[in-house]
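Next up, upload_3.txt (compact mmCIF, N, CA and C atoms):
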# COMPACT_ATOMS: atom_id res chain seq x y z
N MET A 1 -24.40 37.27 -77.39
CA MET A 1 -23.85 37.65 -76.12
C MET A 1 -24.77 38.71 -75.50
N THR A 2 -24.94 38.62 -74.24
CA THR A 2 -25.83 39.55 -73.57
C THR A 2 -25.10 40.88 -73.33
N ASP A 3 -25.90 41.87 -72.99
CA ASP A 3 -25.34 43.20 -72.71
C ASP A 3 -24.43 43.16 -71.49
N LEU A 4 -24.78 42.35 -70.53
CA LEU A 4 -23.97 42.24 -69.32
C LEU A 4 -22.59 41.66 -69.62
N ALA A 5 -22.53 40.68 -70.49
CA ALA A 5 -21.24 40.08 -70.86
C ALA A 5 -20.39 41.08 -71.64
N LYS A 6 -21.03 41.84 -72.51
CA LYS A 6 -20.30 42.86 -73.28
C LYS A 6 -19.73 43.93 -72.35
N ASP A 7 -20.52 44.33 -71.37
CA ASP A 7 -20.05 45.33 -70.40
C ASP A 7 -18.87 44.79 -69.59
N ASN A 8 -18.94 43.53 -69.21
CA ASN A 8 -17.83 42.92 -68.47
C ASN A 8 -16.55 42.90 -69.30
N ILE A 9 -16.66 42.58 -70.59
CA ILE A 9 -15.49 42.55 -71.47
C ILE A 9 -14.90 43.95 -71.61
N LYS A 10 -15.75 44.97 -71.74
CA LYS A 10 -15.27 46.35 -71.85
C LYS A 10 -14.55 46.77 -70.57
N ILE A 11 -15.10 46.40 -69.45
CA ILE A 11 -14.50 46.76 -68.16
C ILE A 11 -13.14 46.09 -68.01
N GLN A 12 -13.05 44.82 -68.43
CA GLN A 12 -11.77 44.11 -68.33
C GLN A 12 -10.72 44.72 -69.26
N GLU A 13 -11.12 45.14 -70.47
CA GLU A 13 -10.19 45.78 -71.40
C GLU A 13 -9.69 47.11 -70.84
N GLU A 14 -10.59 47.89 -70.25
CA GLU A 14 -10.18 49.17 -69.66
C GLU A 14 -9.26 48.95 -68.47
N ALA A 15 -9.52 47.91 -67.70
CA ALA A 15 -8.66 47.61 -66.55
C ALA A 15 -7.27 47.23 -67.01
N ARG A 16 -7.16 46.48 -68.11
CA ARG A 16 -5.84 46.11 -68.64
C ARG A 16 -5.08 47.34 -69.10
N ARG A 17 -5.80 48.30 -69.71
CA ARG A 17 -5.13 49.51 -70.19
C ARG A 17 -4.68 50.41 -69.04
N THR A 18 -5.43 50.43 -67.96
CA THR A 18 -5.10 51.33 -66.86
C THR A 18 -4.09 50.75 -65.90
N VAL A 19 -3.94 49.43 -65.87
CA VAL A 19 -3.00 48.80 -64.96
C VAL A 19 -1.59 49.01 -65.50
N GLU A 20 -0.69 49.35 -64.61
CA GLU A 20 0.69 49.58 -64.99
C GLU A 20 1.40 48.23 -65.16
N THR A 21 2.02 48.06 -66.30
CA THR A 21 2.71 46.80 -66.56
C THR A 21 4.10 46.83 -65.95
N LEU A 22 4.75 45.69 -65.95
CA LEU A 22 6.09 45.57 -65.40
C LEU A 22 7.08 46.42 -66.20
N GLU A 23 6.91 46.49 -67.51
CA GLU A 23 7.79 47.30 -68.34
C GLU A 23 7.66 48.79 -67.99
N ASP A 24 6.43 49.23 -67.71
CA ASP A 24 6.22 50.63 -67.34
C ASP A 24 6.92 50.96 -66.02
N ILE A 25 6.85 50.04 -65.09
CA ILE A 25 7.49 50.26 -63.79
C ILE A 25 9.00 50.32 -63.94
N VAL A 26 9.57 49.41 -64.74
CA VAL A 26 11.02 49.40 -64.95
C VAL A 26 11.46 50.67 -65.66
N ASP A 27 10.71 51.10 -66.68
CA ASP A 27 11.06 52.34 -67.39
C ASP A 27 11.03 53.54 -66.46
N ARG A 28 10.05 53.58 -65.60
CA ARG A 28 9.93 54.72 -64.67
C ARG A 28 11.10 54.73 -63.68
N LYS A 29 11.49 53.55 -63.21
CA LYS A 29 12.58 53.48 -62.23
C LYS A 29 13.93 53.77 -62.86
N GLU A 30 14.10 53.46 -64.14
CA GLU A 30 15.38 53.67 -64.81
C GLU A 30 15.60 55.13 -65.17
N ARG A 31 14.54 55.90 -65.28
CA ARG A 31 14.71 57.33 -65.58
C ARG A 31 15.43 58.01 -64.44
N PRO A 32 16.39 58.86 -64.73
CA PRO A 32 17.07 59.57 -63.63
C PRO A 32 16.12 60.57 -62.99
N SER A 33 16.08 60.53 -61.67
CA SER A 33 15.16 61.41 -60.95
C SER A 33 15.65 62.85 -60.95
N GLY A 34 16.95 63.06 -61.17
CA GLY A 34 17.49 64.42 -61.19
C GLY A 34 16.95 65.24 -62.34
N ASP A 35 16.65 64.60 -63.46
CA ASP A 35 16.15 65.34 -64.61
C ASP A 35 14.78 65.94 -64.34
N SER A 36 13.91 65.15 -63.71
CA SER A 36 12.57 65.66 -63.44
C SER A 36 12.61 66.76 -62.39
N ALA A 37 13.54 66.66 -61.42
CA ALA A 37 13.64 67.70 -60.40
C ALA A 37 14.16 68.99 -60.99
N SER A 38 15.13 68.90 -61.90
CA SER A 38 15.65 70.12 -62.52
C SER A 38 14.61 70.73 -63.45
N ASP A 39 13.81 69.89 -64.11
CA ASP A 39 12.75 70.42 -64.96
C ASP A 39 11.72 71.18 -64.15
N ASP A 40 11.41 70.67 -62.94
CA ASP A 40 10.46 71.35 -62.09
C ASP A 40 10.98 72.72 -61.66
N LYS A 41 12.29 72.79 -61.35
CA LYS A 41 12.86 74.06 -60.92
C LYS A 41 12.91 75.05 -62.07
N GLU A 42 13.17 74.56 -63.27
CA GLU A 42 13.25 75.45 -64.41
C GLU A 42 11.87 75.96 -64.82
N ASN A 43 10.86 75.15 -64.66
CA ASN A 43 9.51 75.53 -65.08
C ASN A 43 8.74 76.27 -64.00
N LYS A 44 9.32 76.41 -62.82
CA LYS A 44 8.62 77.09 -61.73
C LYS A 44 8.53 78.58 -62.03
N PRO A 45 7.33 79.14 -62.05
CA PRO A 45 7.20 80.56 -62.38
C PRO A 45 7.70 81.44 -61.24
N VAL A 46 8.36 82.50 -61.61
CA VAL A 46 8.86 83.48 -60.64
C VAL A 46 7.84 84.60 -60.55
N PRO A 47 7.41 84.97 -59.33
CA PRO A 47 6.44 86.06 -59.22
C PRO A 47 7.03 87.37 -59.74
N GLN A 48 6.27 88.06 -60.53
CA GLN A 48 6.71 89.31 -61.11
C GLN A 48 6.40 90.48 -60.18
N LYS A 49 7.18 91.54 -60.32
CA LYS A 49 6.91 92.75 -59.54
C LYS A 49 5.63 93.39 -60.05
N THR A 50 4.82 93.83 -59.12
CA THR A 50 3.58 94.51 -59.49
C THR A 50 3.50 95.82 -58.73
N SER A 51 2.52 96.60 -59.07
CA SER A 51 2.33 97.87 -58.37
C SER A 51 1.83 97.65 -56.95
N TYR A 52 1.32 96.46 -56.67
CA TYR A 52 0.83 96.16 -55.33
C TYR A 52 1.98 96.09 -54.33
N ASP A 53 3.19 95.79 -54.82
CA ASP A 53 4.36 95.80 -53.93
C ASP A 53 4.58 97.20 -53.36
N LYS A 54 4.49 98.18 -54.23
CA LYS A 54 4.68 99.57 -53.80
C LYS A 54 3.56 100.02 -52.88
N ILE A 55 2.36 99.56 -53.15
CA ILE A 55 1.23 99.92 -52.30
C ILE A 55 1.40 99.35 -50.90
N ALA A 56 1.93 98.13 -50.80
CA ALA A 56 2.18 97.52 -49.48
C ALA A 56 3.21 98.33 -48.71
N LEU A 57 4.26 98.78 -49.39
CA LEU A 57 5.27 99.61 -48.74
C LEU A 57 4.68 100.96 -48.32
N MET A 58 3.86 101.54 -49.18
CA MET A 58 3.21 102.81 -48.83
C MET A 58 2.31 102.64 -47.62
N ALA A 59 1.61 101.52 -47.54
CA ALA A 59 0.73 101.28 -46.40
C ALA A 59 1.52 101.22 -45.10
N LEU A 60 2.68 100.57 -45.14
CA LEU A 60 3.53 100.51 -43.94
C LEU A 60 4.01 101.90 -43.55
N LEU A 61 4.43 102.68 -44.52
CA LEU A 61 4.90 104.04 -44.23
C LEU A 61 3.77 104.92 -43.69
N VAL A 62 2.60 104.80 -44.27
CA VAL A 62 1.45 105.61 -43.83
C VAL A 62 1.04 105.22 -42.42
N SER A 63 1.12 103.96 -42.08
CA SER A 63 0.74 103.55 -40.72
C SER A 63 1.75 104.06 -39.69
N VAL A 64 3.02 104.08 -40.05
CA VAL A 64 4.03 104.65 -39.14
C VAL A 64 3.82 106.16 -39.01
N ILE A 65 3.47 106.82 -40.10
CA ILE A 65 3.17 108.26 -40.06
C ILE A 65 1.96 108.52 -39.17
N ALA A 66 0.97 107.65 -39.21
CA ALA A 66 -0.22 107.82 -38.37
C ALA A 66 0.15 107.79 -36.89
N TRP A 67 1.03 106.87 -36.49
CA TRP A 67 1.47 106.82 -35.10
C TRP A 67 2.29 108.06 -34.76
N THR A 68 3.06 108.56 -35.72
CA THR A 68 3.88 109.76 -35.47
C THR A 68 2.99 110.98 -35.30
N ILE A 69 1.94 111.07 -36.09
CA ILE A 69 1.01 112.20 -35.98
C ILE A 69 0.37 112.23 -34.59
N LEU A 70 0.15 111.07 -34.03
CA LEU A 70 -0.47 111.00 -32.71
C LEU A 70 0.40 111.67 -31.65
N LEU A 71 1.70 111.69 -31.87
CA LEU A 71 2.61 112.30 -30.90
C LEU A 71 2.64 113.82 -30.98
N VAL A 72 2.13 114.40 -32.06
CA VAL A 72 2.14 115.85 -32.22
C VAL A 72 1.12 116.45 -31.25
N PRO A 73 1.55 117.38 -30.41
CA PRO A 73 0.62 117.95 -29.43
C PRO A 73 -0.23 119.08 -30.02
N SER A 74 -1.29 118.71 -30.67
CA SER A 74 -2.24 119.71 -31.14
C SER A 74 -3.65 119.23 -30.83
N LEU A 75 -4.59 120.09 -31.03
CA LEU A 75 -5.96 119.80 -30.64
C LEU A 75 -6.57 118.66 -31.45
N TYR A 76 -6.28 118.60 -32.74
CA TYR A 76 -6.94 117.64 -33.61
C TYR A 76 -6.02 116.50 -34.06
N SER A 77 -4.91 116.28 -33.40
CA SER A 77 -3.97 115.26 -33.86
C SER A 77 -4.57 113.85 -33.76
N GLY A 78 -5.45 113.60 -32.84
CA GLY A 78 -6.09 112.29 -32.71
C GLY A 78 -7.00 111.99 -33.88
N TYR A 79 -7.77 112.98 -34.30
CA TYR A 79 -8.67 112.78 -35.43
C TYR A 79 -7.89 112.63 -36.74
N VAL A 80 -6.85 113.44 -36.89
CA VAL A 80 -6.02 113.33 -38.09
C VAL A 80 -5.32 111.98 -38.11
N SER A 81 -4.81 111.57 -36.98
CA SER A 81 -4.15 110.27 -36.89
C SER A 81 -5.13 109.14 -37.18
N LEU A 82 -6.35 109.27 -36.74
CA LEU A 82 -7.38 108.27 -37.03
C LEU A 82 -7.64 108.18 -38.53
N ALA A 83 -7.74 109.32 -39.19
CA ALA A 83 -7.99 109.33 -40.63
C ALA A 83 -6.81 108.70 -41.39
N VAL A 84 -5.60 109.01 -40.98
CA VAL A 84 -4.42 108.45 -41.65
C VAL A 84 -4.32 106.95 -41.37
N ALA A 85 -4.68 106.52 -40.17
CA ALA A 85 -4.65 105.09 -39.84
C ALA A 85 -5.67 104.31 -40.68
N VAL A 86 -6.83 104.87 -40.86
CA VAL A 86 -7.85 104.22 -41.69
C VAL A 86 -7.36 104.14 -43.14
N MET A 87 -6.69 105.20 -43.59
CA MET A 87 -6.14 105.19 -44.94
C MET A 87 -5.07 104.10 -45.08
N SER A 88 -4.27 103.90 -44.04
CA SER A 88 -3.24 102.86 -44.10
C SER A 88 -3.86 101.46 -44.12
N VAL A 89 -4.95 101.28 -43.42
CA VAL A 89 -5.64 99.97 -43.44
C VAL A 89 -6.19 99.70 -44.84
N VAL A 90 -6.74 100.72 -45.48
CA VAL A 90 -7.27 100.54 -46.83
C VAL A 90 -6.14 100.23 -47.81
N LEU A 91 -5.03 100.97 -47.71
CA LEU A 91 -3.88 100.70 -48.57
C LEU A 91 -3.34 99.29 -48.33
N ALA A 92 -3.30 98.86 -47.08
CA ALA A 92 -2.81 97.52 -46.76
C ALA A 92 -3.72 96.45 -47.35
N ALA A 93 -5.01 96.70 -47.34
CA ALA A 93 -5.95 95.74 -47.92
C ALA A 93 -5.72 95.61 -49.42
N VAL A 94 -5.41 96.71 -50.08
CA VAL A 94 -5.12 96.66 -51.50
C VAL A 94 -3.77 95.98 -51.73
N GLY A 95 -2.81 96.23 -50.84
CA GLY A 95 -1.49 95.64 -50.97
C GLY A 95 -1.47 94.14 -50.78
N LEU A 96 -2.53 93.57 -50.24
CA LEU A 96 -2.59 92.11 -50.07
C LEU A 96 -2.68 91.37 -51.40
N LYS A 97 -2.93 92.08 -52.49
CA LYS A 97 -3.01 91.45 -53.81
C LYS A 97 -1.63 91.19 -54.41
N SER A 98 -0.58 91.56 -53.71
CA SER A 98 0.77 91.35 -54.22
C SER A 98 1.04 89.86 -54.41
N LYS A 99 1.83 89.54 -55.41
CA LYS A 99 2.14 88.14 -55.69
C LYS A 99 3.28 87.61 -54.84
N ARG A 100 4.07 88.49 -54.27
CA ARG A 100 5.21 88.07 -53.46
C ARG A 100 4.81 87.98 -52.00
N ARG A 101 5.27 86.94 -51.36
CA ARG A 101 4.88 86.70 -49.97
C ARG A 101 5.41 87.76 -49.02
N GLY A 102 6.63 88.22 -49.24
CA GLY A 102 7.22 89.24 -48.38
C GLY A 102 6.41 90.53 -48.37
N TRP A 103 5.94 90.92 -49.53
CA TRP A 103 5.14 92.15 -49.60
C TRP A 103 3.75 91.93 -49.01
N ARG A 104 3.22 90.74 -49.14
CA ARG A 104 1.93 90.46 -48.49
C ARG A 104 2.09 90.50 -46.97
N ASP A 105 3.22 89.97 -46.47
CA ASP A 105 3.48 90.03 -45.03
C ASP A 105 3.63 91.48 -44.57
N THR A 106 4.30 92.30 -45.39
CA THR A 106 4.43 93.72 -45.07
C THR A 106 3.07 94.38 -45.02
N SER A 107 2.22 94.02 -45.95
CA SER A 107 0.87 94.58 -45.98
C SER A 107 0.06 94.16 -44.75
N VAL A 108 0.22 92.91 -44.33
CA VAL A 108 -0.48 92.44 -43.12
C VAL A 108 0.03 93.20 -41.89
N THR A 109 1.33 93.42 -41.84
CA THR A 109 1.90 94.19 -40.73
C THR A 109 1.34 95.60 -40.69
N ALA A 110 1.28 96.24 -41.85
CA ALA A 110 0.72 97.59 -41.92
C ALA A 110 -0.75 97.60 -41.51
N MET A 111 -1.47 96.55 -41.88
CA MET A 111 -2.88 96.48 -41.51
C MET A 111 -3.04 96.33 -40.00
N ILE A 112 -2.18 95.55 -39.39
CA ILE A 112 -2.24 95.38 -37.94
C ILE A 112 -1.90 96.69 -37.24
N ILE A 113 -0.84 97.36 -37.69
CA ILE A 113 -0.42 98.62 -37.07
C ILE A 113 -1.53 99.66 -37.19
N GLY A 114 -2.08 99.81 -38.40
CA GLY A 114 -3.16 100.79 -38.60
C GLY A 114 -4.43 100.41 -37.88
N GLY A 115 -4.74 99.13 -37.85
CA GLY A 115 -5.96 98.68 -37.17
C GLY A 115 -5.90 98.88 -35.66
N VAL A 116 -4.73 98.62 -35.08
CA VAL A 116 -4.58 98.83 -33.63
C VAL A 116 -4.75 100.30 -33.30
N LEU A 117 -4.12 101.16 -34.10
CA LEU A 117 -4.26 102.60 -33.84
C LEU A 117 -5.71 103.05 -34.01
N THR A 118 -6.37 102.53 -35.01
CA THR A 118 -7.78 102.89 -35.23
C THR A 118 -8.64 102.46 -34.04
N ILE A 119 -8.43 101.26 -33.55
CA ILE A 119 -9.23 100.76 -32.42
C ILE A 119 -8.93 101.56 -31.16
N VAL A 120 -7.66 101.87 -30.94
CA VAL A 120 -7.29 102.63 -29.73
C VAL A 120 -7.91 104.02 -29.76
N ILE A 121 -7.79 104.72 -30.86
CA ILE A 121 -8.33 106.08 -30.92
C ILE A 121 -9.85 106.06 -30.85
N LEU A 122 -10.48 105.14 -31.56
CA LEU A 122 -11.95 105.07 -31.50
C LEU A 122 -12.44 104.72 -30.10
N SER A 123 -11.72 103.87 -29.40
CA SER A 123 -12.16 103.54 -28.05
C SER A 123 -12.02 104.75 -27.12
N PHE A 124 -10.95 105.52 -27.27
CA PHE A 124 -10.83 106.74 -26.46
C PHE A 124 -11.91 107.75 -26.81
N ILE A 125 -12.22 107.90 -28.09
CA ILE A 125 -13.26 108.85 -28.49
C ILE A 125 -14.60 108.43 -27.93
N VAL A 126 -14.92 107.16 -28.02
CA VAL A 126 -16.24 106.70 -27.54
C VAL A 126 -16.31 106.76 -26.03
N VAL A 127 -15.29 106.26 -25.35
CA VAL A 127 -15.35 106.19 -23.90
C VAL A 127 -15.23 107.57 -23.27
N LEU A 128 -14.22 108.29 -23.65
CA LEU A 128 -13.98 109.57 -22.98
C LEU A 128 -14.90 110.67 -23.48
N TYR A 129 -14.91 110.89 -24.77
CA TYR A 129 -15.67 112.03 -25.29
C TYR A 129 -17.18 111.81 -25.16
N VAL A 130 -17.65 110.71 -25.69
CA VAL A 130 -19.09 110.46 -25.68
C VAL A 130 -19.55 110.13 -24.25
N GLY A 131 -18.75 109.34 -23.51
CA GLY A 131 -19.15 108.97 -22.15
C GLY A 131 -19.19 110.14 -21.21
N LEU A 132 -18.16 111.00 -21.28
CA LEU A 132 -18.13 112.16 -20.38
C LEU A 132 -19.09 113.25 -20.83
N LYS A 133 -19.39 113.32 -22.10
CA LYS A 133 -20.34 114.32 -22.57
C LYS A 133 -21.76 114.00 -22.07
N GLY A 134 -22.02 112.73 -21.82
CA GLY A 134 -23.35 112.35 -21.33
C GLY A 134 -23.56 112.69 -19.87
N LEU A 135 -22.50 112.98 -19.14
CA LEU A 135 -22.64 113.30 -17.72
C LEU A 135 -23.15 114.66 -17.54
What does the file become when written as structure tokens?
Amino acid sequence: MTDLAKDNIKIQEEARRTVETLEDIVDRKERPSGDSASDDKENKPVPQKTSYDKIALMALLVSVIAWTILLVPSLYSGYVSLAVAVMSVVLAAVGLKSKRRGWRDTSVTAMIIGGVLTIVILSFIVVLYVGLKGL
């Protein structure tokens, strides 16, 4: 027998093994589908609490504090608020490692709040302070 004929026989044997027979189809259909669904629910891993959850909450609190500092009428409140806002963005970036979706969403919210404040203060510093100082 030639090598080509032997290869054809091997391919046909593998095809027979991989093809689903009628008995396999009947066995699969007779199995109750509720058992496999309950097994999936039981085996589904539950995300565990991590320290990143607390970091996400701290980032949200720090970003709210940064906006509050901006309201304090003192000479350097803008710079202090900028520093605190940058710190909240960094904390929020670390908080994104949380395994729970709710805490990741909280971290994204804190990042947006801190980022907006950072952009607003930096734009005022660049436009007003640097722009008017050049005049």
So what do you get for atom C of Ser77 (chain A) versus CA of Val127 (chain A), distance-wise?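 Distance reported for this atom pair: 16.5 Å.
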Straight-line distance linking CA of Ile65 (chain A) with CA of Ile119 (chain A), stated in Å to one decimal: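 CA of Ile119 (chain A) lies at a distance of 16.4 Å from CA of Ile65 (chain A).
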Gap from CA of Gly78 (chain A) to atom N of Ile121 (chain A) - Å, one decimal: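 Spanning CA of Gly78 (chain A) to atom N of Ile121 (chain A) is a straight-line distance of 8.0 Å.
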With a distance cut-off of 10 Å and only C-alpha atoms, select the neighbouring residues of Met58 (chain A), excluding the residue or stretch itself and same-chain residues fewer than 5 positions from it, and output the selection as an MDAnalysis selection string. chainID A and resid 52:53 63:64 88 91:92 95 106:107 110
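Distances here use only N, CA and C atoms; by that measure, the residue among A:Ala5, A:Val130, A:Val94, A:Met87 closest to Ser51 (chain A) is A:Val94.
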Contact residues around Lys54 (chain A) with all atoms listed in the file at 8 Å, ignoring same-chain residues under 4 positions, as a list in words: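 Residues near the query, excluding close chain neighbours: Lys49, Thr50, Met58, Ala59, Leu60, Gly95, Ser98 and Trp103 of chain A.
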If you run DSSP over the backbone, which residues in chain A end up alpha helix (DSSP H)? Put them as JSON, numbers by chain. {"A": [3, 4, 5, 6, 7, 8, 9, 10, 11, 12, 13, 14, 15, 16, 17, 18, 22, 23, 24, 25, 26, 27, 28, 29, 30, 33, 34, 35, 36, 37, 38, 39, 40, 41, 42, 43, 51, 52, 53, 54, 55, 56, 57, 58, 59, 60, 61, 62, 63, 64, 65, 66, 67, 68, 69, 70, 71, 77, 78, 79, 80, 81, 82, 83, 84, 85, 86, 87, 88, 89, 90, 91, 92, 93, 94, 95, 101, 102, 103, 104, 105, 106, 107, 108, 109, 110, 111, 112, 113, 114, 115, 116, 117, 118, 119, 120, 121, 122, 123, 124, 131, 132, 133]}
Have a look at A:Leu82, A:Leu75, A:Ala56, A:Leu4 and name the one nearest to Phe124 (chain A); count only C-alpha atoms.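 Checking each candidate against Phe124 (chain A), we get A:Leu82 as the closest.
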Using only C-alpha atoms for the distances, tell me which of A:Leu96, A:Leu117, A:Ile125, A:Ile11 is nearest to Leu57 (chain A).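 For Leu57 (chain A), the nearest of the given residues is A:Leu96.
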Choose the residue, out of A:Tyr76, A:Gly102, A:Ile112, A:Leu70, that has the smallest atom-to-atom separation from Val89 (chain A); count all atoms listed in the file. A:Ile112
Can you patch up region 71-82 of chain A, filling it in to N, CA, C and O atoms, and show the result as a short mmCIF file (atom, residue, chain, number, x, y, z; two decimals), in the coordinates of the input?
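Output (out-v4.cif):
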data_model
loop_
_atom_site.label_atom_id
_atom_site.label_comp_id
_atom_site.auth_asym_id
_atom_site.auth_seq_id
_atom_site.Cartn_x
_atom_site.Cartn_y
_atom_site.Cartn_z
N LEU A 71 1.70 111.69 -31.87
CA LEU A 71 2.61 112.30 -30.90
C LEU A 71 2.64 113.82 -30.98
O LEU A 71 3.15 114.47 -30.06
N VAL A 72 2.13 114.40 -32.06
CA VAL A 72 2.14 115.85 -32.22
C VAL A 72 1.12 116.45 -31.25
O VAL A 72 -0.06 116.09 -31.28
N PRO A 73 1.55 117.38 -30.41
CA PRO A 73 0.62 117.95 -29.43
C PRO A 73 -0.23 119.08 -30.02
O PRO A 73 0.09 120.25 -29.92
N SER A 74 -1.29 118.71 -30.67
CA SER A 74 -2.24 119.71 -31.14
C SER A 74 -3.65 119.23 -30.83
O SER A 74 -3.86 118.10 -30.39
N LEU A 75 -4.59 120.09 -31.03
CA LEU A 75 -5.96 119.80 -30.64
C LEU A 75 -6.57 118.66 -31.45
O LEU A 75 -7.28 117.82 -30.91
N TYR A 76 -6.28 118.60 -32.74
CA TYR A 76 -6.94 117.64 -33.61
C TYR A 76 -6.02 116.50 -34.06
O TYR A 76 -6.33 115.81 -35.02
N SER A 77 -4.91 116.28 -33.40
CA SER A 77 -3.97 115.26 -33.86
C SER A 77 -4.57 113.85 -33.76
O SER A 77 -4.22 112.98 -34.56
N GLY A 78 -5.45 113.60 -32.84
CA GLY A 78 -6.09 112.29 -32.71
C GLY A 78 -7.00 111.99 -33.88
O GLY A 78 -7.00 110.88 -34.42
N TYR A 79 -7.77 112.98 -34.30
CA TYR A 79 -8.67 112.78 -35.43
C TYR A 79 -7.89 112.63 -36.74
O TYR A 79 -8.23 111.81 -37.58
N VAL A 80 -6.85 113.44 -36.89
CA VAL A 80 -6.02 113.33 -38.09
C VAL A 80 -5.32 111.98 -38.11
O VAL A 80 -5.25 111.31 -39.15
N SER A 81 -4.81 111.57 -36.98
CA SER A 81 -4.15 110.27 -36.89
C SER A 81 -5.13 109.14 -37.18
O SER A 81 -4.76 108.15 -37.83
N LEU A 82 -6.35 109.27 -36.74
CA LEU A 82 -7.38 108.27 -37.03
C LEU A 82 -7.64 108.18 -38.53
O LEU A 82 -7.72 107.08 -39.09
#
